[in-house]
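Enquirer: Structure provided below as structure tokens; questions to follow.
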Amino acid sequence: MTDPSRRGRSLELYFADGTPDGILTAEVFGWTGHVLRIPRLRLADGLRRRQAAQTGTYILLGADDDGPVAYVGEAESVATRIRSHDAAKDWWGAALILTTAADNLHKAHVRYLEARLVQLARRAGNARLDNGTDPTPASLTEAQVASMEEFLDMVQMVLPALGVDLLQSGKRTVPPTRVPTAEGPVFTLRTVKTGVEGRARLDGSDFRVLAGSRARRTWAGRGDHDSGYRALHGKLCAEGILRQDADHAIFAQDYAFNSPSAAAAVMTGRPANGRTEWRHEITGQTLAEWEAEQLKDLPS
């Protein structure tokens, strides 16, 4: 039997301006939800669209001098609320509006969604939230809660496809109901001088460093260009995913990175080329060599 969490989905993106960085809509076959992305420079045109006037939740995305920033809100007329933010907030560059095709969300629904989106964004820690306080979820029936959680599951699938990682966390737990699937290959990284030693598994599109891996205790890179990986190392330490002892930082749980180089940088405490640092646990090939071997038998 196919594991539902692994079943394929069809995502339909519509570029309203004919360009990938303009107004965009996203829908999934069989899902009633609708996502509308509006760049701030196209705000007037985007808010004229039918879905913008519906009851829904919204996310403002942008950055300030300290890094990524986001704001989560809800409204019975999202367009009206976002117009007020246009005058009051200057840091954001795009708005995401989450509604349904049939406009069947009501006030309690969107209050619940707003509170849960804030929870998920804070848990992921990929952006500073501009929300002053955390909203309290509205009281819903058991059936309504189940429907809203299913809605959120789809939102968490769609947003990464749009390049939005606000809700994505690298923390990985395996649901107890998951049907066992073939596991990906394991790669290792060792640095004798610093005692760094770790294992990572290729898991779909994730490069997942496994619990117990021993990383460098503190960041050792010195250049300005490594500030992103430096911040990631610090974030994982602050969240307890990396637990520092006298000599190293130990992964307390599996953590999924979006690239082998990000994983290698956190492991070694400096910028690193993950394609050459990680080696196949059995063959000893670098990740780059292993990838090349996987490709060699493809038809030309």
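The chains in the structure tokens are called A, B, ... from first to last as shown; in each chain the residues are counted from 1, and the ligands are counted from 1 in the order shown.
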Got a sec to tell me which of stretch 31-213 of chain A DSSP assigns to strand (DSSP E or B), as a ChimeraX atom specification?

Expert: /A:33-39,56-64,67-75,92-100,128-129,171,186-191,196-203,206-209

Enquirer: Please, which residues in stretch 121-212 of chain A fall within 10 Å of stretch 94-101 of chain A when counting only C-alpha atoms, and what is the closest atom pair and distance in Å to one decimal for each, ordered by chain then residue number, as a tab-separated table?

Expert:
residue	atom	partner	partner_atom	distance
A:Phe151	CA	A:Thr100	CA	9.6
A:Val155	CA	A:Leu98	CA	8.3
A:Leu159	CA	A:Leu96	CA	9.3
A:Val164	CA	A:Leu96	CA	9.8

Enquirer: Write to file, as a JSON list (two decimals), in the first residue's frame, the residues of the selection just made, with all heavy atoms.

Expert:
[["chain", "number", "residue", "atom", "x", "y", "z"],
["A", 151, "PHE", "N", -5.58, 21.64, 6.02],
["A", 151, "PHE", "CA", -5.31, 22.84, 5.22],
["A", 151, "PHE", "C", -3.86, 23.27, 5.43],
["A", 151, "PHE", "O", -3.12, 23.58, 4.49],
["A", 151, "PHE", "CB", -6.27, 23.96, 5.65],
["A", 151, "PHE", "CG", -6.18, 25.21, 4.82],
["A", 151, "PHE", "CD1", -7.02, 25.40, 3.73],
["A", 151, "PHE", "CD2", -5.28, 26.22, 5.14],
["A", 151, "PHE", "CE1", -6.95, 26.56, 2.97],
["A", 151, "PHE", "CE2", -5.21, 27.37, 4.39],
["A", 151, "PHE", "CZ", -6.05, 27.55, 3.30],
["A", 155, "VAL", "N", -0.54, 23.79, 2.95],
["A", 155, "VAL", "CA", 0.20, 25.06, 2.90],
["A", 155, "VAL", "C", 1.69, 24.80, 3.09],
["A", 155, "VAL", "O", 2.53, 25.38, 2.39],
["A", 155, "VAL", "CB", -0.32, 26.03, 3.99],
["A", 155, "VAL", "CG1", 0.62, 27.23, 4.14],
["A", 155, "VAL", "CG2", -1.73, 26.51, 3.64],
["A", 159, "LEU", "N", 4.20, 26.19, 0.09],
["A", 159, "LEU", "CA", 5.09, 27.34, 0.27],
["A", 159, "LEU", "C", 6.54, 27.05, -0.10],
["A", 159, "LEU", "O", 7.18, 27.87, -0.78],
["A", 159, "LEU", "CB", 4.99, 27.87, 1.71],
["A", 159, "LEU", "CG", 3.65, 28.47, 2.12],
["A", 159, "LEU", "CD1", 3.79, 29.26, 3.41],
["A", 159, "LEU", "CD2", 3.04, 29.34, 1.04],
["A", 164, "VAL", "N", 9.47, 29.72, -0.37],
["A", 164, "VAL", "CA", 9.22, 30.31, 0.95],
["A", 164, "VAL", "C", 9.48, 29.26, 2.02],
["A", 164, "VAL", "O", 8.76, 28.26, 2.11],
["A", 164, "VAL", "CB", 7.77, 30.83, 1.07],
["A", 164, "VAL", "CG1", 7.49, 31.38, 2.47],
["A", 164, "VAL", "CG2", 7.50, 31.89, 0.01]]

Enquirer: List the neighbours of stretch 238-254 of chain A out to 8 Å using only C-alpha atoms; skip same-chain residues closer than 6 positions along the sequence, and give me the result as a PyMOL selection string.

Expert: chain A and resi 171-173+196+208-218

Enquirer: For C-alpha atoms, I'd like the residues from the last selection saved as an mmCIF file, in the first residue's frame.

Expert:
data_model
loop_
_atom_site.group_PDB
_atom_site.id
_atom_site.type_symbol
_atom_site.label_atom_id
_atom_site.label_comp_id
_atom_site.auth_asym_id
_atom_site.auth_seq_id
_atom_site.Cartn_x
_atom_site.Cartn_y
_atom_site.Cartn_z
ATOM 1 C CA LYS A 171 14.130 18.924 12.610
ATOM 2 C CA ARG A 172 13.091 15.466 11.493
ATOM 3 C CA THR A 173 10.921 12.934 13.271
ATOM 4 C CA VAL A 196 34.805 16.271 13.894
ATOM 5 C CA ARG A 208 19.975 14.737 6.843
ATOM 6 C CA VAL A 209 22.780 14.765 9.411
ATOM 7 C CA LEU A 210 22.098 11.981 11.890
ATOM 8 C CA ALA A 211 21.784 12.284 15.641
ATOM 9 C CA GLY A 212 25.059 11.689 17.486
ATOM 10 C CA SER A 213 27.217 13.350 14.823
ATOM 11 C CA ARG A 214 30.048 15.375 16.385
ATOM 12 C CA ALA A 215 30.485 18.894 14.991
ATOM 13 C CA ARG A 216 32.935 21.671 15.799
ATOM 14 C CA ARG A 217 31.942 23.357 19.048
ATOM 15 C CA THR A 218 32.287 26.961 17.844
#

Enquirer: Grab the atom CA of A:Glu281 to atom CA of A:Pro185 distance for me, in Å with one decimal place.

Expert: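 Here the two named atoms are 7.9 Å from each other.
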
Enquirer: Name the residues in contact with A:Arg49 at a cut-off of 12 Å, using only C-alpha atoms, excluding same-chain residues fewer than 5 positions from it; report them as a PyMOL selection string.

Expert: chain A and resi 16+23-25+35-38+42-44+54+78-79+97
